[in-house]
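Some notes on the structure that comes next.
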Amino acid sequence: GLADRLQQTFKKLRGRGKLSEADVSEAMREVRMALLEADVNFKVVKDFIGKIKERAVGQEVMQSLTPAQQVIKIVNDELTELMGGTQSRITISSRPPTVVMLVGLQGAGKTTTAGKLALSLKKQNKRPLLVAGDIYRPAAIKQLQVLGEQLDLPVFAIESGANPVTIAERAIEYAHSHARDMVIIDTAGRLHINEELMQELKSIKNTVKPHEILLVVDAMTGQDAVNVAETFNNELGVDGVILTKLDGDARGGAALSVKAVTGCPIKFAGMGEKLEALESFHPDRMASRILGMGDVLSLIEKAQSSIDLEQAKELEKKLRKEDFTLDDFLTQMQQVRKLGSLDQILGMLPGMGNLKKQLSGVDFDEKELAHIEAIIRSMTKQERRDIQIINGSRRKRIALGSGTRVQDVNKLLKQFAEAKKMMKKFQGMQKSGKKNFGGF
Ligand code: GDP
Ligand code: MG
């Protein structure tokens, strides 16, 4: 599937310390192929790759991210943007009832989705009314009534004679008189779009003026789903799309193209046949699901938000000049703490299991960090800058001042010396171009 292909591509990038323009071009070629194979609209793919290349080339280098991480981040950002950026909700009218009309082709999942939506609204303490607007197949009315029974919710139906426009009008009157604050109208579909269907939906729309017209499309049909969405939006006007059967669609093309092609946001996703299987559609979550690297992405976000870039640059400069002091040591540990425990951080990186085992002994906890902070704060400026001068009597004074034991002070000084040594080695490794453990 798409996720596998993209993950393969990024795995190749991760092995490199530094990325050349050729590496990025090759990766983008593979991303392009993967998207086309996932049945994403051709023009959408072209624009998408163009944007990513532009950003990847003009990108300001972020100290806290490796080149591979930066490319993944850009792809993730652009995927999110492609699907609408932020979550789109349905409009709730300030004057109930809010009227939602579900439209779409036969078999797309309208009736099932009506039930799912009703359940989700009921859980939010709303009082939905289901309306059987598909009068052409008696089984359709029955299907909705069965759902209503399961959900313990009323279903408005007129068994014979009335047309869908009248049914919708009368249903809204019923909602008013029975204090139902949400009206969900299920409508008839056809196997293909035709004039008769569009006319019927337009008459319902013009008469009851729904607050939301939601188009239900089957994700499994790929680009066809996108074409259907385009036609419905042009003919009828659509406020949002519900993408059903996303549980069975390994390609993901419709999810990626709908918004870009039609301008209509995806508001919900159907993830199965059960009534609980409806999810609000979050473009950012979908993007990381497609990339299949939610954990890596959340780590990148964390690193971005918690590490002060200026501070990081300062530290790096100091390291180079080898005047890394205990103050810097403290700052650095505080930054690492913002990221989570060392265990957590390593756990989020793929293939870091071994290193995690090796390092599990050097992990420090919150309490220890508080001790370290107290100890460093009890030192004079001079002592922090040059640990060589911290002799026995100074150690005693520092321990007393910080409410710790001399052993604790000794341990910290040893840890600091170790850290300094490790960093020097780490620096040397980077200079000689060897792979470092931070550059996954
Ligand atoms: P309608 O003709 O548009 O009203 O479609 P239905 O609601 O009758 O659904 C058609 C079929 O699709 C039924 O078998 C549903 O169980 C199935 N279906 C609907 N939504 C989903 C979904 O999100 N995932 C899966 N796997 N099946 C779904
Ligand atoms: Mg139906």
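How things are named: the first chain in the structure tokens is A, the next is B, and so on; residues count from 1 in each chain; ligands count from 1 in the order shown.
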Please give me, as a count of residues only, the residues lying within 9 Å of ligand 1 when counting only C-alpha atoms and all ligand atoms. 42
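Taking only C-alpha atoms, the non-local environment of stretch 402-407 of chain A within 12 Å (same-chain residues fewer than 3 positions away omitted) comprises Lys367, Glu368, Ala370, His371, Ile372, Glu373, Ala374, Ile375, Ile376, Arg377, Ser378, Met379, Ile390, Asn391, Gly392, Ser393, Arg394, Arg395, Lys396, Arg397, Ile398, Ala399, Asn410, Lys411, Leu412, Leu413 and Lys414 of chain A.
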Mind writing the picked residues with N, CA and C atoms as a compact mmCIF listing (two decimals), in the first residue's frame?
```txt
# COMPACT_ATOMS: atom_id res chain seq x y z
N LYS A 367 13.70 13.18 40.19
CA LYS A 367 14.25 13.55 41.49
C LYS A 367 15.74 13.83 41.37
N GLU A 368 16.40 12.96 40.61
CA GLU A 368 17.83 13.13 40.44
C GLU A 368 18.14 14.44 39.73
N ALA A 370 16.41 17.14 39.90
CA ALA A 370 16.21 18.21 40.87
C ALA A 370 17.46 18.33 41.76
N HIS A 371 18.04 17.20 42.15
CA HIS A 371 19.28 17.20 42.93
C HIS A 371 20.39 17.89 42.17
N ILE A 372 20.53 17.47 40.90
CA ILE A 372 21.60 18.02 40.08
C ILE A 372 21.47 19.54 39.98
N GLU A 373 20.21 19.96 39.80
CA GLU A 373 19.96 21.39 39.69
C GLU A 373 20.39 22.10 40.97
N ALA A 374 20.00 21.53 42.12
CA ALA A 374 20.33 22.14 43.40
C ALA A 374 21.85 22.23 43.59
N ILE A 375 22.53 21.14 43.22
CA ILE A 375 23.98 21.12 43.39
C ILE A 375 24.64 22.22 42.55
N ILE A 376 24.25 22.29 41.29
CA ILE A 376 24.88 23.29 40.41
C ILE A 376 24.57 24.70 40.90
N ARG A 377 23.35 24.90 41.39
CA ARG A 377 22.99 26.23 41.90
C ARG A 377 23.79 26.61 43.16
N SER A 378 24.28 25.63 43.88
CA SER A 378 25.05 25.92 45.09
C SER A 378 26.52 26.20 44.80
N MET A 379 26.89 26.12 43.54
CA MET A 379 28.29 26.39 43.18
C MET A 379 28.47 27.86 42.84
N ILE A 390 37.24 22.52 42.25
CA ILE A 390 36.34 22.05 43.30
C ILE A 390 37.01 20.95 44.14
N ASN A 391 37.68 21.38 45.17
CA ASN A 391 38.40 20.45 46.04
C ASN A 391 37.48 19.91 47.13
N GLY A 392 38.05 19.17 48.05
CA GLY A 392 37.27 18.52 49.11
C GLY A 392 36.42 19.46 49.93
N SER A 393 37.00 20.59 50.38
CA SER A 393 36.22 21.47 51.25
C SER A 393 35.10 22.16 50.46
N ARG A 394 35.39 22.45 49.20
CA ARG A 394 34.34 23.05 48.36
C ARG A 394 33.20 22.04 48.17
N ARG A 395 33.55 20.77 47.96
CA ARG A 395 32.52 19.74 47.76
C ARG A 395 31.60 19.64 48.98
N LYS A 396 32.23 19.73 50.16
CA LYS A 396 31.47 19.67 51.41
C LYS A 396 30.50 20.85 51.49
N ARG A 397 31.00 22.03 51.16
CA ARG A 397 30.18 23.23 51.22
C ARG A 397 28.99 23.13 50.25
N ILE A 398 29.29 22.65 49.04
CA ILE A 398 28.24 22.54 48.01
C ILE A 398 27.16 21.54 48.45
N ALA A 399 27.62 20.42 49.04
CA ALA A 399 26.66 19.41 49.50
C ALA A 399 25.74 19.99 50.56
N ASN A 410 30.08 14.38 44.11
CA ASN A 410 31.11 13.63 43.39
C ASN A 410 30.54 12.96 42.14
N LYS A 411 29.36 12.39 42.31
CA LYS A 411 28.73 11.67 41.20
C LYS A 411 28.42 12.62 40.05
N LEU A 412 27.92 13.80 40.41
CA LEU A 412 27.58 14.77 39.37
C LEU A 412 28.83 15.21 38.62
N LEU A 413 29.90 15.48 39.38
CA LEU A 413 31.12 15.95 38.73
C LEU A 413 31.67 14.88 37.79
N LYS A 414 31.50 13.64 38.20
CA LYS A 414 31.96 12.53 37.36
C LYS A 414 31.10 12.43 36.09
```
Determine the nearest neighbour of ligand 2 from the options A:Gly240, A:Gly401, A:Gly50, A:Pro138, counting only C-alpha atoms and all ligand atoms. A:Pro138
Record the distance separating atom CA of A:Asn194 and atom CA of A:Phe42, expressed in Å with one decimal. 26.2 Å
Env of A:Asn76: 8 Å cut, atoms = only C-alpha atoms, seq-sep filter 3 positions within chain, self excluded. Answer as JSON, numbers by chain. {"A": [72, 73, 79, 80, 284, 287, 288, 291]}
Please compute the atom CA of A:Leu197-atom CA of A:Gly84 distance, one decimal, in Å. 28.7 Å
Can you list every residue in stretch 25-230 of chain A that DSSP puts in helix (DSSP H, G or I), as a PyMOL selection string? chain A and resi 25-37+42-58+67-82+110-123+138-151+164-177+195-208+219-221+223-230
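Backbone DSSP of stretch 1-239 of chain A yields strand (DSSP E) at A:Thr98, A:Val99, A:Val100, A:Met101, A:Leu102, A:Val103, A:Pro128, A:Leu129, A:Leu130, A:Val131, A:Ala132, A:Gly133, A:Val155, A:Phe156, A:Met182, A:Val183, A:Ile184, A:Ile185, A:Asp186, A:Thr187, A:Glu212, A:Ile213, A:Leu214, A:Leu215, A:Val216, A:Val217, A:Asp218.
Shortest separation to ligand 2 among A:Tyr136, A:Phe10, A:Phe232, A:Phe329 occurs at residue A:Tyr136, atoms counted being only C-alpha atoms and all ligand atoms.
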Measuring atom to atom with only C-alpha atoms and all ligand atoms, identify which of A:Val131, A:Glu78, A:Ile172, A:Glu235 is nearest to ligand 2. A:Val131
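Going from atom CA of A:Phe48 to atom CA of A:Ile242 covers 22.9 Å.
Look at A:Arg385: the protein and nucleic acid residues within 9 Å of it, using only C-alpha atoms and passing over chain neighbours fewer than 6 places away, are Asp323, Phe324, Thr325, Leu326 and Asp327 of chain A.
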